[in-house]
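Asks: For reference, the file run18.cif (mmCIF, C-alpha atoms) is included below:
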data_coords
#
loop_
_atom_site.label_atom_id
_atom_site.label_comp_id
_atom_site.auth_asym_id
_atom_site.auth_seq_id
_atom_site.Cartn_x
_atom_site.Cartn_y
_atom_site.Cartn_z
CA MET A 172 -51.43 -24.14 12.31
CA LYS A 173 -49.76 -23.40 9.00
CA SER A 174 -48.40 -26.24 6.95
CA ALA A 175 -44.72 -26.99 6.40
CA SER A 176 -45.12 -26.28 2.69
CA TRP A 177 -46.36 -22.75 3.51
CA ASN A 178 -43.21 -22.15 5.67
CA ASN A 179 -40.96 -23.57 2.95
CA ALA A 180 -42.55 -21.24 0.39
CA LYS A 181 -41.91 -18.25 2.68
CA ILE A 182 -38.28 -19.28 3.18
CA PHE A 183 -37.82 -19.80 -0.56
CA SER A 184 -39.38 -16.41 -1.32
CA LEU A 185 -37.15 -14.69 1.23
CA ALA A 186 -34.01 -16.44 -0.08
CA PHE A 187 -34.97 -15.63 -3.68
CA GLY A 188 -35.55 -11.99 -2.74
CA ILE A 189 -32.15 -11.73 -1.03
CA VAL A 190 -30.34 -13.30 -3.99
CA LEU A 191 -32.19 -11.03 -6.42
CA PHE A 192 -31.31 -7.98 -4.30
CA ILE A 193 -27.62 -8.94 -4.23
CA ILE A 194 -27.54 -9.45 -8.00
CA LEU A 195 -29.28 -6.14 -8.71
CA ALA A 196 -27.12 -4.26 -6.21
CA SER A 197 -23.92 -5.60 -7.76
CA LEU A 198 -25.14 -4.69 -11.26
CA LEU A 199 -25.98 -1.15 -10.18
CA LEU A 200 -23.00 -0.59 -7.85
CA LYS A 201 -20.23 -0.31 -10.43
CA PRO A 202 -22.04 2.13 -12.75
CA SER A 203 -23.05 4.36 -9.86
CA LEU A 204 -19.56 4.33 -8.33
CA LYS A 205 -18.05 5.21 -11.72
CA CYS A 206 -19.86 8.56 -11.49
CA PHE A 207 -17.87 9.35 -8.33
CA TYR A 208 -14.61 7.75 -9.52
CA PRO A 209 -14.30 8.46 -13.24
CA LEU A 210 -11.42 7.21 -15.34
CA LYS A 211 -9.96 9.17 -18.25
CA TYR A 212 -6.75 8.73 -20.24
CA THR A 213 -6.99 4.94 -19.86
CA GLU A 214 -4.59 4.10 -22.67
CA GLU A 215 -1.97 6.57 -21.40
CA ILE A 216 -2.30 5.19 -17.87
CA LYS A 217 -1.93 1.60 -19.05
CA ALA A 218 1.06 2.32 -21.31
CA CYS A 219 3.00 4.47 -18.85
CA SER A 220 2.25 2.25 -15.86
CA LYS A 221 3.46 -0.78 -17.79
CA LYS A 222 6.63 0.99 -18.97
CA TYR A 223 7.59 2.02 -15.43
CA LYS A 224 6.31 -1.17 -13.77
CA ILE A 225 3.71 0.34 -11.46
CA ASN A 226 0.11 -0.70 -10.98
CA LYS A 227 -2.25 1.07 -13.37
CA GLU A 228 -4.81 1.40 -10.57
CA LEU A 229 -2.17 3.18 -8.47
CA THR A 230 -1.55 5.62 -11.34
CA ALA A 231 -5.30 6.23 -11.71
CA ALA A 232 -5.63 6.74 -7.94
CA ILE A 233 -2.78 9.27 -7.87
CA ILE A 234 -4.32 11.20 -10.76
CA SER A 235 -7.72 11.13 -9.08
CA ALA A 236 -6.29 12.41 -5.79
CA GLU A 237 -3.96 14.97 -7.38
CA SER A 238 -6.10 16.55 -10.11
CA LYS A 239 -9.43 14.73 -10.35
CA PHE A 240 -8.43 14.00 -13.96
CA ARG A 241 -8.24 17.70 -14.89
CA LYS A 242 -5.32 17.96 -17.30
CA ASN A 243 -4.86 21.72 -16.75
CA ALA A 244 -4.91 21.61 -12.95
CA VAL A 245 -2.41 23.81 -11.08
CA SER A 246 -1.88 23.57 -7.32
CA HIS A 247 -1.14 26.38 -4.89
CA LYS A 248 2.48 25.11 -4.96
CA ASN A 249 2.53 25.41 -8.77
CA ALA A 250 2.42 21.66 -9.42
CA LYS A 251 0.89 21.08 -12.84
CA GLY A 252 -1.19 18.67 -14.84
CA LEU A 253 -2.86 15.37 -14.14
CA MET A 254 -0.15 14.07 -11.79
CA GLN A 255 0.64 17.50 -10.33
CA LEU A 256 4.31 17.75 -11.21
CA LYS A 257 6.58 20.60 -10.29
CA GLU A 258 8.70 21.76 -13.19
CA GLU A 259 11.98 20.99 -11.38
CA THR A 260 10.86 17.41 -10.68
CA ALA A 261 9.65 17.02 -14.28
CA LYS A 262 12.98 18.25 -15.68
CA TRP A 263 14.94 15.95 -13.36
CA CYS A 264 12.79 12.95 -14.31
CA MET A 265 12.99 13.70 -18.01
CA GLU A 266 16.78 13.76 -17.81
CA LYS A 267 17.11 10.69 -15.57
CA TYR A 268 14.72 8.55 -17.63
CA LYS A 269 15.58 10.10 -21.01
CA ILE A 270 11.98 11.15 -21.62
CA ASN A 271 11.61 13.08 -24.85
CA GLY A 272 9.63 16.27 -24.78
CA ASP A 273 9.68 19.75 -23.35
CA VAL A 274 8.70 20.69 -19.81
CA LYS A 275 6.56 23.41 -21.41
CA ASP A 276 4.28 20.57 -22.52
CA ILE A 277 3.70 19.41 -18.94
CA TYR A 278 -0.08 19.67 -19.43
CA SER A 279 0.00 17.05 -22.18
CA PRO A 280 -1.75 14.03 -20.61
CA TYR A 281 0.67 11.49 -22.07
CA LEU A 282 3.81 13.41 -21.11
CA ASN A 283 2.50 14.26 -17.64
CA ILE A 284 1.48 10.67 -16.91
CA LYS A 285 4.76 9.35 -18.29
CA ILE A 286 6.83 11.65 -16.08
CA GLY A 287 4.59 11.01 -13.07
CA CYS A 288 4.90 7.24 -13.51
CA ALA A 289 8.67 7.49 -13.92
CA TYR A 290 8.87 9.54 -10.72
CA MET A 291 6.61 7.18 -8.78
CA SER A 292 8.68 4.23 -10.02
CA TYR A 293 11.81 5.98 -8.76
CA LEU A 294 10.20 6.54 -5.34
CA LEU A 295 8.98 2.94 -5.11
CA ASP A 296 12.50 1.70 -5.93
CA LYS A 297 14.04 4.09 -3.42
CA PHE A 298 11.74 3.41 -0.46
CA GLN A 299 10.62 -0.16 -1.27
CA ASN A 300 7.29 0.68 0.35
CA GLU A 301 4.20 2.06 -1.37
CA ASP A 302 3.06 4.15 1.62
CA LEU A 303 6.47 5.82 1.94
CA ALA A 304 6.68 6.36 -1.82
CA LEU A 305 3.25 8.02 -1.79
CA ALA A 306 4.26 10.15 1.19
CA ALA A 307 7.36 11.24 -0.74
CA TYR A 308 5.28 11.97 -3.84
CA ASN A 309 3.14 14.30 -1.73
CA ALA A 310 5.50 15.79 0.87
CA GLY A 311 8.85 15.40 -0.84
CA GLU A 312 11.58 12.83 -0.71
CA GLY A 313 13.62 14.90 1.77
CA ASN A 314 10.81 14.97 4.34
CA VAL A 315 10.35 11.21 4.19
CA LYS A 316 14.11 10.69 4.64
CA LYS A 317 13.98 12.94 7.75
CA TRP A 318 11.03 11.01 9.18
CA ILE A 319 12.80 7.67 8.64
CA LYS A 320 15.97 9.01 10.26
CA ALA A 321 14.04 10.34 13.27
CA GLN A 322 11.59 7.45 13.74
CA GLY A 323 12.94 4.46 11.88
CA GLU A 324 11.10 2.83 9.01
CA GLU A 325 9.30 0.10 10.97
CA ASN A 326 6.95 2.21 13.10
CA LEU A 327 6.96 5.37 11.04
CA THR A 328 4.11 7.77 11.67
CA ILE A 329 3.60 10.43 9.02
CA PRO A 330 3.68 13.72 10.94
CA PHE A 331 2.02 15.85 8.24
CA LYS A 332 -1.77 15.52 8.46
CA GLU A 333 -2.20 16.44 4.78
CA THR A 334 0.30 13.77 3.70
CA LYS A 335 -1.17 11.12 5.98
CA LYS A 336 -4.64 11.83 4.53
CA TYR A 337 -3.20 11.82 1.00
CA VAL A 338 -1.65 8.35 1.46
CA GLU A 339 -4.92 7.00 2.90
CA THR A 340 -6.93 8.56 0.06
CA VAL A 341 -4.70 7.16 -2.69
CA LYS A 342 -4.66 3.68 -1.11
CA LYS A 343 -8.47 3.69 -0.86
CA ARG A 344 -8.86 4.92 -4.44
CA GLU A 345 -6.34 2.35 -5.68
CA LYS A 346 -8.68 -0.39 -4.41
CA ILE A 347 -11.72 1.36 -5.90
CA TYR A 348 -10.09 1.76 -9.32
CA ARG A 349 -8.99 -1.89 -9.24
CA PHE A 350 -12.60 -2.93 -8.51
CA LEU A 351 -14.25 -0.59 -11.02
CA TYR A 352 -11.90 -0.71 -13.99
CA PHE A 353 -9.00 -3.14 -13.66
CA SER A 354 -10.42 -6.35 -12.15
#
Since I need it in another form, could you write the structure as structure tokens?
Replies:
Amino acid sequence: MKSASWNNAKIFSLAFGIVLFIILASLLLKPSLKCFYPLKYTEEIKACSKKYKINKELTAAIISAESKFRKNAVSHKNAKGLMQLKEETAKWCMEKYKINGDVKDIYSPYLNIKIGCAYMSYLLDKFQNEDLALAAYNAGEGNVKKWIKAQGEENLTIPFKETKKYVETVKKREKIYRFLYFS
């Protein structure tokens, strides 16, 4: 029969091993996740998010989902830059929010993020709901208005699969960016 001290030593060793594993895993988790969820243009994101009163992690998540931080990205619908802005939306936003610059410079990270944050701020104010604002950012304000009219806002189901996936992706990445960079 083994002694009580032998059992206590085994328990202590096991507990120590678990604690050590947790510490090492947490130290290695963030750096490894940062490879999959990089962050660029940090100062621009912070400044523009603050100016338009939106969460910087939300801005980073939108950029990640829209362009994967590629400043020269162009979509099949001709949306451009980090936050994938259409020229008409960019022009409208620049006028509404008196943003200096030229729409020809839409690939400029600062200008693109500034316009994208202004537009997202507008959508958040309009819909008072982050999921609906994100759906409008992706599918268009008019589509979201139609969905609300047809279904009501309370139990709204996003009928576009792409948009539903987009909202889920941005929400997930918002949490990841908060954990990795803004906590």
Asks: Can you turn the PyMOL selection byres ((chain A and resi 309-325) around 10) into a concrete residue list for this file, as a list in words?
Replies: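 The output of the PyMOL selection byres ((chain A and resi 309-325) around 10) on this file is Ile233, Glu237, Gln255, Leu294, Lys297, Phe298, Asn300, Leu303, Ala304, Leu305, Ala306, Ala307, Tyr308, Asn326, Leu327, Thr328, Ile329, Pro330, Phe331, Glu333, Thr334, Lys335, Tyr337 and Val338 of chain A.
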Asks: Which polymer residues have any atom within 8 Å of an atom of segment 260-275 of chain A, counting only C-alpha atoms, with same-chain residues fewer than 5 positions away left out, as JSON, numbers by chain?
Replies: {"A": [282, 286, 287, 289, 290]}
Asks: Under the PyMOL selection byres ((chain A and resi 344-351) around 9), which residues of this model are included? Write them out as a PyMOL selection string.
Replies: chain A and resi 201-202+204-205+208-210+226-233+235-236+339-343+352-354
Asks: Which distance in Å separates atom CA of Ser220 of chain A and atom CA of Glu301 of chain A, to one decimal?
Replies: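 So the answer is 14.6 Å.
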Asks: Of the candidates A:Tyr293, A:Phe207, A:Tyr223, A:Tyr212, which shows the shortest atom-to-atom distance to Leu253 of chain A, using only C-alpha atoms?
Replies: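 Under the stated criterion, the closest residue is A:Tyr212.
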Asks: Would you mind completing segment 222-240 of chain A so that it carries N, CA and C atoms, and writing it out as a PDB file, keeping the file's coordinate frame?
Replies:
ATOM      1  N   LYS A 222       5.230   0.632 -18.679  1.00  0.00           N
ATOM      2  CA  LYS A 222       6.630   0.990 -18.970  1.00  0.00           C
ATOM      3  C   LYS A 222       7.445   1.149 -17.685  1.00  0.00           C
ATOM      4  N   TYR A 223       6.840   1.756 -16.666  1.00  0.00           N
ATOM      5  CA  TYR A 223       7.590   2.020 -15.430  1.00  0.00           C
ATOM      6  C   TYR A 223       7.257   1.041 -14.312  1.00  0.00           C
ATOM      7  N   LYS A 224       6.565  -0.042 -14.675  1.00  0.00           N
ATOM      8  CA  LYS A 224       6.310  -1.170 -13.770  1.00  0.00           C
ATOM      9  C   LYS A 224       5.608  -0.760 -12.473  1.00  0.00           C
ATOM     10  N   ILE A 225       4.549   0.031 -12.619  1.00  0.00           N
ATOM     11  CA  ILE A 225       3.710   0.340 -11.460  1.00  0.00           C
ATOM     12  C   ILE A 225       2.272  -0.039 -11.790  1.00  0.00           C
ATOM     13  N   ASN A 226       1.494  -0.289 -10.780  1.00  0.00           N
ATOM     14  CA  ASN A 226       0.110  -0.700 -10.980  1.00  0.00           C
ATOM     15  C   ASN A 226      -0.693   0.421 -11.640  1.00  0.00           C
ATOM     16  N   LYS A 227      -1.434   0.056 -12.670  1.00  0.00           N
ATOM     17  CA  LYS A 227      -2.250   1.070 -13.370  1.00  0.00           C
ATOM     18  C   LYS A 227      -3.308   1.654 -12.450  1.00  0.00           C
ATOM     19  N   GLU A 228      -3.821   0.865 -11.517  1.00  0.00           N
ATOM     20  CA  GLU A 228      -4.810   1.400 -10.570  1.00  0.00           C
ATOM     21  C   GLU A 228      -4.166   2.394  -9.604  1.00  0.00           C
ATOM     22  N   LEU A 229      -2.891   2.209  -9.307  1.00  0.00           N
ATOM     23  CA  LEU A 229      -2.170   3.180  -8.470  1.00  0.00           C
ATOM     24  C   LEU A 229      -2.026   4.504  -9.247  1.00  0.00           C
ATOM     25  N   THR A 230      -1.669   4.407 -10.515  1.00  0.00           N
ATOM     26  CA  THR A 230      -1.550   5.620 -11.340  1.00  0.00           C
ATOM     27  C   THR A 230      -2.886   6.350 -11.400  1.00  0.00           C
ATOM     28  N   ALA A 231      -3.964   5.614 -11.649  1.00  0.00           N
ATOM     29  CA  ALA A 231      -5.300   6.230 -11.710  1.00  0.00           C
ATOM     30  C   ALA A 231      -5.658   6.870 -10.370  1.00  0.00           C
ATOM     31  N   ALA A 232      -5.322   6.209  -9.277  1.00  0.00           N
ATOM     32  CA  ALA A 232      -5.630   6.740  -7.940  1.00  0.00           C
ATOM     33  C   ALA A 232      -4.849   8.016  -7.656  1.00  0.00           C
ATOM     34  N   ILE A 233      -3.591   8.059  -8.062  1.00  0.00           N
ATOM     35  CA  ILE A 233      -2.780   9.270  -7.870  1.00  0.00           C
ATOM     36  C   ILE A 233      -3.384  10.421  -8.677  1.00  0.00           C
ATOM     37  N   ILE A 234      -3.724  10.153  -9.926  1.00  0.00           N
ATOM     38  CA  ILE A 234      -4.320  11.200 -10.760  1.00  0.00           C
ATOM     39  C   ILE A 234      -5.628  11.691 -10.150  1.00  0.00           C
ATOM     40  N   SER A 235      -6.445  10.763  -9.693  1.00  0.00           N
ATOM     41  CA  SER A 235      -7.720  11.130  -9.080  1.00  0.00           C
ATOM     42  C   SER A 235      -7.505  12.024  -7.858  1.00  0.00           C
ATOM     43  N   ALA A 236      -6.558  11.637  -7.011  1.00  0.00           N
ATOM     44  CA  ALA A 236      -6.290  12.410  -5.790  1.00  0.00           C
ATOM     45  C   ALA A 236      -5.625  13.749  -6.101  1.00  0.00           C
ATOM     46  N   GLU A 237      -4.736  13.765  -7.081  1.00  0.00           N
ATOM     47  CA  GLU A 237      -3.960  14.970  -7.380  1.00  0.00           C
ATOM     48  C   GLU A 237      -4.762  16.016  -8.160  1.00  0.00           C
ATOM     49  N   SER A 238      -5.486  15.575  -9.190  1.00  0.00           N
ATOM     50  CA  SER A 238      -6.100  16.550 -10.110  1.00  0.00           C
ATOM     51  C   SER A 238      -7.552  16.255 -10.470  1.00  0.00           C
ATOM     52  N   LYS A 239      -8.075  15.155  -9.967  1.00  0.00           N
ATOM     53  CA  LYS A 239      -9.430  14.730 -10.350  1.00  0.00           C
ATOM     54  C   LYS A 239      -9.568  14.621 -11.870  1.00  0.00           C
ATOM     55  N   PHE A 240      -8.483  14.206 -12.519  1.00  0.00           N
ATOM     56  CA  PHE A 240      -8.430  14.000 -13.960  1.00  0.00           C
ATOM     57  C   PHE A 240      -8.585  15.292 -14.771  1.00  0.00           C
TER      58      PHE A 240
END
